[in-house]
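Chemist: I'm passing along work-v1.txt; it holds compact mmCIF, C-alpha atoms and all ligand atoms.
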# COMPACT_ATOMS: atom_id res chain seq x y z
CA MET L 1276 12.63 30.30 8.55
CA LYS L 1277 8.89 29.64 8.55
CA ASN L 1278 8.10 26.00 9.30
CA GLU L 1279 5.15 25.46 6.94
CA LYS L 1280 3.06 22.29 7.27
CA ARG L 1281 3.24 20.24 4.09
CA GLU L 1282 0.11 19.41 2.11
CA LEU L 1283 -0.73 15.70 2.56
CA ILE L 1284 -3.66 15.59 0.12
CA ASP L 1285 -3.36 17.56 -3.15
CA LYS L 1286 -6.07 19.40 -5.09
CA ASP L 1287 -6.87 16.22 -7.07
CA GLY L 1288 -7.52 14.33 -3.82
CA LEU L 1289 -4.29 12.31 -4.09
CA ARG L 1290 -2.03 11.53 -1.13
CA VAL L 1291 1.77 11.98 -0.80
CA ASP L 1292 2.39 8.57 -2.38
CA GLY L 1293 -0.21 9.10 -5.12
CA ARG L 1294 -2.95 6.96 -3.54
CA LYS L 1295 -6.64 7.73 -3.37
CA LYS L 1296 -8.20 8.13 0.08
CA ASP L 1297 -9.60 4.59 0.24
CA GLU L 1298 -6.61 2.87 -1.41
CA LEU L 1299 -4.30 0.39 0.33
CA ARG L 1300 -0.56 0.42 -0.30
CA PRO L 1301 0.65 -2.33 -2.68
CA ILE L 1302 0.79 -5.57 -0.67
CA LYS L 1303 2.84 -8.71 -1.25
CA ILE L 1304 2.49 -11.63 1.19
CA MET L 1305 4.43 -14.90 1.30
CA VAL L 1306 3.93 -17.87 3.63
CA GLY L 1307 6.57 -20.44 4.70
CA VAL L 1308 9.66 -18.32 4.08
CA LEU L 1309 11.86 -19.72 6.90
CA SER L 1310 12.75 -23.40 6.91
CA ASN L 1311 13.99 -23.40 10.53
CA ALA L 1312 10.74 -22.05 12.01
CA ASP L 1313 7.58 -24.12 12.53
CA GLY L 1314 5.64 -21.43 10.68
CA SER L 1315 6.54 -18.16 8.98
CA ALA L 1316 5.27 -15.37 6.77
CA TYR L 1317 6.58 -12.20 5.13
CA ILE L 1318 4.84 -9.01 4.06
CA GLU L 1319 5.67 -5.98 1.99
CA GLN L 1320 3.07 -3.30 2.46
CA GLY L 1321 4.24 -0.15 0.73
CA LYS L 1322 7.77 0.34 2.04
CA ASN L 1323 7.21 -1.92 5.09
CA LYS L 1324 9.13 -5.20 5.03
CA ILE L 1325 8.32 -7.49 7.94
CA ILE L 1326 8.89 -11.14 8.72
CA ALA L 1327 7.10 -13.35 11.28
CA ALA L 1328 8.30 -16.66 12.71
CA VAL L 1329 6.45 -19.10 14.98
CA TYR L 1330 8.06 -21.77 17.16
CA GLY L 1331 5.91 -24.26 19.03
CA PRO L 1332 3.84 -25.47 20.69
CA ARG L 1333 6.97 -26.36 22.69
CA GLU L 1334 8.18 -26.82 26.25
CA VAL L 1335 7.99 -23.64 28.35
CA HIS L 1336 11.16 -22.09 29.74
CA PRO L 1337 11.20 -20.92 32.47
CA ARG L 1338 8.90 -23.76 33.54
CA HIS L 1339 6.95 -21.78 36.15
CA LEU L 1340 5.32 -19.80 33.31
CA ALA L 1341 3.53 -22.92 32.04
CA LEU L 1342 -0.25 -23.07 32.57
CA PRO L 1343 -1.95 -26.36 33.48
CA ASP L 1344 -4.97 -25.87 31.21
CA ARG L 1345 -3.67 -24.08 28.12
CA ALA L 1346 -0.68 -22.93 26.10
CA ILE L 1347 0.82 -19.47 26.54
CA LEU L 1348 1.25 -17.29 23.47
CA ARG L 1349 4.36 -15.11 23.65
CA CYS L 1350 5.09 -12.40 21.16
CA ARG L 1351 8.16 -10.28 20.51
CA TYR L 1352 7.88 -7.32 18.14
CA HIS L 1353 11.32 -6.00 17.21
CA MET L 1354 12.52 -3.30 14.86
CA ALA L 1355 15.94 -3.75 13.29
CA PRO L 1356 18.27 -0.76 13.95
CA PHE L 1357 18.45 -0.20 10.16
CA SER L 1358 14.67 -0.38 9.63
CA VAL L 1359 14.08 3.37 9.97
CA GLU L 1360 15.82 6.48 8.62
CA GLU L 1361 17.13 7.58 12.00
CA ARG L 1362 18.91 4.48 13.38
CA LYS L 1363 16.88 2.83 16.12
CA SER L 1364 18.74 1.80 19.26
CA PRO L 1365 19.10 -2.00 19.40
CA ALA L 1366 17.98 -1.94 23.07
CA PRO L 1367 14.35 -3.00 23.57
CA SER L 1368 12.18 0.12 23.71
CA ARG L 1369 8.93 0.81 25.58
CA ARG L 1370 7.21 1.08 22.19
CA GLU L 1371 8.37 -2.43 21.20
CA LEU L 1372 7.18 -3.77 24.54
CA GLU L 1373 3.76 -2.17 24.02
CA LEU L 1374 3.45 -3.41 20.44
CA SER L 1375 4.48 -6.94 21.50
CA LYS L 1376 1.60 -6.83 24.00
CA VAL L 1377 -1.05 -5.44 21.62
CA ILE L 1378 -0.06 -7.89 18.86
CA ARG L 1379 -0.31 -10.81 21.31
CA GLU L 1380 -3.68 -9.61 22.56
CA ALA L 1381 -4.96 -9.20 18.98
CA LEU L 1382 -3.97 -12.78 18.09
CA GLU L 1383 -4.77 -14.65 21.33
CA PRO L 1384 -8.56 -14.86 20.80
CA THR L 1385 -8.15 -16.83 17.58
CA VAL L 1386 -5.86 -19.61 18.87
CA PHE L 1387 -7.27 -22.77 20.50
CA LEU L 1388 -4.73 -22.46 23.34
CA GLU L 1389 -6.60 -25.02 25.46
CA GLN L 1390 -5.51 -27.75 23.03
CA TYR L 1391 -1.86 -27.44 24.13
CA PRO L 1392 -1.68 -27.24 27.96
CA ARG L 1393 1.77 -26.63 29.55
CA THR L 1394 3.32 -25.44 26.28
CA ALA L 1395 4.43 -22.14 24.75
CA ILE L 1396 3.82 -20.79 21.28
CA ASP L 1397 6.43 -18.14 20.46
CA LEU L 1398 5.85 -15.53 17.77
CA PHE L 1399 8.66 -13.24 16.60
CA ILE L 1400 7.88 -10.20 14.45
CA GLU L 1401 10.99 -8.69 12.90
CA VAL L 1402 10.59 -5.33 11.18
CA LEU L 1403 13.30 -5.04 8.51
CA GLN L 1404 12.01 -1.79 7.03
CA ALA L 1405 9.33 0.43 8.58
CA ASP L 1406 7.03 2.97 6.98
CA GLY L 1407 4.00 3.28 9.27
CA GLY L 1408 1.42 0.65 10.20
CA THR L 1409 3.90 -2.01 11.28
CA ARG L 1410 1.73 -3.27 14.18
CA CYS L 1411 -1.09 -3.99 11.73
CA ALA L 1412 1.15 -5.65 9.15
CA GLY L 1413 2.77 -7.63 12.03
CA ILE L 1414 -0.62 -8.96 13.13
CA THR L 1415 -1.56 -9.85 9.54
CA ILE L 1416 1.55 -12.00 9.06
CA GLY L 1417 1.63 -13.18 12.69
CA SER L 1418 -1.67 -14.99 12.16
CA LEU L 1419 -0.40 -16.44 8.87
CA ALA L 1420 2.75 -17.74 10.58
CA LEU L 1421 0.56 -19.38 13.26
CA ALA L 1422 -1.58 -20.98 10.55
CA ASP L 1423 1.57 -22.11 8.71
CA ALA L 1424 2.78 -23.76 11.95
CA GLY L 1425 -0.42 -25.83 11.86
CA ILE L 1426 -1.82 -24.30 15.04
CA PRO L 1427 -5.63 -24.65 15.15
CA MET L 1428 -7.33 -21.27 14.91
CA ARG L 1429 -10.89 -19.95 14.81
CA ASP L 1430 -10.09 -17.61 11.89
CA LEU L 1431 -7.16 -15.64 10.52
CA VAL L 1432 -6.64 -12.25 12.18
CA VAL L 1433 -6.06 -9.35 9.84
CA ALA L 1434 -5.28 -5.74 10.68
CA CYS L 1435 -5.38 -2.37 8.97
CA ALA L 1436 -5.51 1.27 10.06
CA ALA L 1437 -7.43 4.28 8.82
CA GLY L 1438 -6.90 7.82 10.02
CA LYS L 1439 -7.35 11.52 9.46
CA VAL L 1440 -5.03 13.43 7.18
CA ASP L 1441 -5.60 17.08 6.10
CA GLY L 1442 -9.10 16.82 7.60
CA GLN L 1443 -10.06 13.75 5.56
CA ILE L 1444 -10.44 10.08 6.52
CA VAL L 1445 -7.93 7.91 4.64
CA LEU L 1446 -6.99 4.22 4.58
CA ASP L 1447 -3.67 2.56 5.50
CA LEU L 1448 -1.50 5.50 6.66
CA ASN L 1449 2.16 5.58 5.72
CA ASP L 1450 4.88 6.99 7.98
CA ILE L 1451 4.49 10.65 6.86
CA GLU L 1452 0.71 10.48 7.21
CA ASP L 1453 1.06 8.79 10.59
CA LYS L 1454 3.47 11.46 11.89
CA GLU L 1455 1.98 14.57 10.27
CA GLY L 1456 -1.68 13.54 10.15
CA GLU L 1457 -4.30 14.20 12.79
CA ALA L 1458 -5.36 10.70 13.87
CA ASP L 1459 -4.76 6.98 13.39
CA VAL L 1460 -7.18 4.09 14.14
CA PRO L 1461 -5.56 0.63 13.91
CA VAL L 1462 -8.05 -2.25 13.86
CA ALA L 1463 -7.53 -6.03 13.93
CA MET L 1464 -10.35 -8.47 13.32
CA MET L 1465 -11.37 -12.03 12.61
CA PRO L 1466 -13.34 -11.32 9.43
CA ASN L 1467 -15.24 -14.60 9.16
CA LEU L 1468 -16.46 -14.29 12.74
CA ASN L 1469 -16.93 -10.53 12.44
CA LEU L 1470 -15.06 -9.95 15.73
CA ILE L 1471 -12.68 -7.07 16.46
CA THR L 1472 -9.59 -8.04 18.50
CA LEU L 1473 -7.72 -4.72 18.47
CA LEU L 1474 -9.01 -1.17 18.40
CA GLN L 1475 -6.71 1.73 19.16
CA MET L 1476 -6.89 5.43 18.46
CA ASP L 1477 -4.14 8.02 18.41
CA GLY L 1478 -5.17 11.67 17.91
CA LEU L 1479 -8.54 13.40 17.88
CA LEU L 1480 -11.67 12.50 15.90
CA THR L 1481 -15.33 13.47 16.17
CA PRO L 1482 -17.72 10.52 16.80
CA GLU L 1483 -18.75 10.69 13.10
CA GLU L 1484 -15.12 10.70 11.91
CA PHE L 1485 -14.31 7.82 14.25
CA GLU L 1486 -17.15 5.75 12.78
CA GLU L 1487 -16.00 6.56 9.24
CA ALA L 1488 -12.40 5.59 10.10
CA LEU L 1489 -13.52 2.37 11.80
CA ASN L 1490 -15.66 1.36 8.81
CA LEU L 1491 -12.81 2.14 6.41
CA SER L 1492 -10.33 0.12 8.52
CA ILE L 1493 -12.75 -2.83 8.47
CA GLU L 1494 -13.07 -2.51 4.68
CA GLY L 1495 -9.23 -2.50 4.45
CA CYS L 1496 -9.08 -5.59 6.69
CA ARG L 1497 -11.50 -7.45 4.42
CA ARG L 1498 -9.40 -6.66 1.34
CA ILE L 1499 -6.17 -7.81 3.05
CA TYR L 1500 -7.97 -10.97 4.30
CA ALA L 1501 -8.45 -12.02 0.66
CA LEU L 1502 -4.68 -11.59 0.09
CA GLN L 1503 -3.89 -13.57 3.27
CA LYS L 1504 -5.98 -16.53 2.13
CA LYS L 1505 -4.43 -16.38 -1.35
CA ALA L 1506 -0.89 -16.44 0.14
CA LEU L 1507 -1.73 -19.46 2.34
CA LYS L 1508 -3.24 -21.36 -0.59
CA GLU L 1509 -0.26 -20.52 -2.82
CA LYS L 1510 2.15 -22.18 -0.38
CA TYR L 1511 0.14 -25.39 -0.26
CA ILE L 1512 -0.48 -25.45 -4.02
CA SER L 1513 3.29 -25.21 -4.61
CA ILE L 1514 3.94 -28.04 -2.10
CA ARG L 1515 1.38 -30.23 -3.91
CA GLU L 1516 3.00 -29.46 -7.26
CA GLU L 1517 6.42 -30.45 -5.84
CA VAL L 1518 5.00 -33.75 -4.51
CA GLU L 1519 3.28 -34.54 -7.78
CA THR L 1520 6.33 -33.91 -10.00
N1 LIG W 1 9.26 4.86 13.61
C1 LIG W 1 10.53 5.39 13.52
N2 LIG W 1 11.41 5.17 14.57
C2 LIG W 1 11.07 4.46 15.68
C3 LIG W 1 9.76 3.97 15.76
C4 LIG W 1 8.88 4.18 14.71
O1 LIG W 1 10.86 6.02 12.52
O2 LIG W 1 11.90 4.30 16.60
C5 LIG W 1 8.33 5.06 12.47
C6 LIG W 1 8.11 3.76 11.70
O3 LIG W 1 8.07 4.03 10.32
C7 LIG W 1 6.76 3.32 12.20
C8 LIG W 1 6.07 4.67 12.35
O4 LIG W 1 7.06 5.48 12.94
O5 LIG W 1 6.12 2.44 11.29
C9 LIG W 1 4.83 4.66 13.18
O6 LIG W 1 5.06 4.12 14.43
P1 LIG W 1 3.90 3.75 15.42
O7 LIG W 1 4.48 3.72 16.80
O8 LIG W 1 2.70 4.60 15.18
O9 LIG W 1 3.54 2.21 15.05
P2 LIG W 1 3.05 1.58 13.66
O10 LIG W 1 2.25 2.62 12.92
O11 LIG W 1 4.29 1.16 12.92
O12 LIG W 1 2.22 0.41 14.08
So, in terms of structure tokens, how does the structure I just supplied come out?
Ligand code: UDP

Modeler:
Amino acid sequence: MKNEKRELIDKDGLRVDGRKKDELRPIKIMVGVLSNADGSAYIEQGKNKIIAAVYGPREVHPRHLALPDRAILRCRYHMAPFSVEERKSPAPSRRELELSKVIREALEPTVFLEQYPRTAIDLFIEVLQADGGTRCAGITIGSLALADAGIPMRDLVVACAAGKVDGQIVLDLNDIEDKEGEADVPVAMMPNLNLITLLQMDGLLTPEEFEEALNLSIEGCRRIYALQKKALKEKYISIREEVET
């Protein structure tokens, strides 16, 4: 049987899930979803469902990891075995280890770690359902969970990817586009400070295509940033309403 490559952008310029090239997936963000964590957030971005929990600043165990002049930020990205179509092994994978590291590195520059010497801030990202772009969505809610824990930050960090699909640059790739497309450029940034904290590229792009993808990712980040701020405000408006009634 001939294994024909499926068309990812149709003749009307629409993608497999009906989106235009510069369209984000539908996004729903909630802050303060876990009462036992110091801070938490949840996101649905297309079919992705991800939760983030922050504990700390708290005592470091094992103690020798503590730093005398600042806090350490630890991050664990984890995909539930049921989060993908083909069951994922519950054992920690190299991919999860790598994503834990890139998410930590994307968030570290925003946190005033020097304000909490000898402590640890632990961030857990739990992917309940995955459909491409989970590192970016994890960063977006990771920074919200840190903010919800009351940890002083320079800015929120927001992340979004753009990539190349059927020869065209598109925003916010889903799983099919990620796997069958030609390239993926995840970007994280602190929008108010205009600083990029994560830039990766998977696949091949010309310098012009790379610039187009980078600019589109940044545009996506700015749109998600507005949703992040709205979700944070909504939590605190609802707390005020509870106090006042
Ligand atoms: N994925 C999967 N099984 C795995 C790991 C990943 O099906 O064991 C899917 C999942 O939908 C994920 C996508 O592949 O979102 C892309 O993974 P990638 O490593 O590119 O990271 P992401 O795009 O999620 O940041």

Chemist: Within 9 Å of ligand LIG 1 (chain W), counting only C-alpha atoms and all ligand atoms, which protein or nucleic acid residues do you find, written as number ranges by chain?

Modeler: L: 1323, 1354, 1356, 1358-1364, 1368, 1370-1371, 1374, 1402, 1404-1413, 1436, 1448-1451, 1453-1454, 1459, 1461, 1477

Chemist: Between L:Leu1382, L:Ala1327, L:Gly1456, L:Gln1320, which is the closest to Lys1280 of chain L once you count all atoms listed in the file?

Modeler: L:Gly1456

Chemist: Within 12 Å of Ala1346 of chain L, counting all atoms listed in the file, which residues qualify if same-chain residues fewer than 5 places away don't, as a ChimeraX atom specification?

Modeler: /L:1331-1335,1340-1341,1383,1386-1397,1426

Chemist: Would you list the contacts of Leu1491 of chain L as a ChimeraX atom specification, taking every protein, DNA or RNA residue within 9 Å and counting all atoms listed in the file, but skipping same-chain residues closer than 6 positions in sequence?

Modeler: /L:1297,1436-1438,1444-1446

Chemist: What separation in Å, quoted to one decimal, exists between atom CA of Leu1507 of chain L and atom CA of Ala1316 of chain L?

Modeler: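 Taking atom CA of Leu1507 of chain L and atom CA of Ala1316 of chain L, their separation equals 9.2 Å.
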
Chemist: Can you work out the spacing between atom CA of Ile1493 of chain L and atom CA of Ile1512 of chain L in Å, to one decimal?

Modeler: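 A separation of 28.6 Å between them.
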
Chemist: Using all atoms listed in the file, can you list as a VMD selection string the residues within 6 Å of (9.8, -7.1, 11.3)?

Modeler: chain L and resid 1325 to 1326 1354 1400 to 1403

Chemist: Which is closest to Tyr1352 of chain L among L:Gly1321, L:Gly1417, L:Pro1482, L:Pro1427, if we use only C-alpha atoms?

Modeler: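 Nearest candidate to Tyr1352 of chain L out of L:Gly1321, L:Gly1417, L:Pro1482, L:Pro1427: L:Gly1417.
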
Chemist: Can you tell me how far atom CA of Met1465 of chain L sits from atom CA of Val1432 of chain L, in Å to one decimal?

Modeler: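 Computing the Euclidean distance for atom CA of Met1465 of chain L and atom CA of Val1432 of chain L yields 4.8 Å.
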
Chemist: As a ChimeraX atom specification, please: the residues near Leu1473 of chain L (cut-off 8 Å, only C-alpha atoms, same-chain neighbours under 4 positions excluded).

Modeler: /L:1377,1380-1381,1461-1464

Chemist: Can you work out which one of L:Ile1378, L:Val1440, L:Ile1499, L:Leu1348 has the shortest atom-to-atom distance to Gln1475 of chain L, counting all atoms listed in the file?

Modeler: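 Closest residue, counting all atoms listed in the file: L:Ile1378.
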
Chemist: Of the residues L:Arg1345, L:Lys1303, L:Arg1281, L:Lys1439, which is the one nearest to Gly1478 of chain L, using all atoms listed in the file?

Modeler: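 Closest residue, counting all atoms listed in the file: L:Lys1439.
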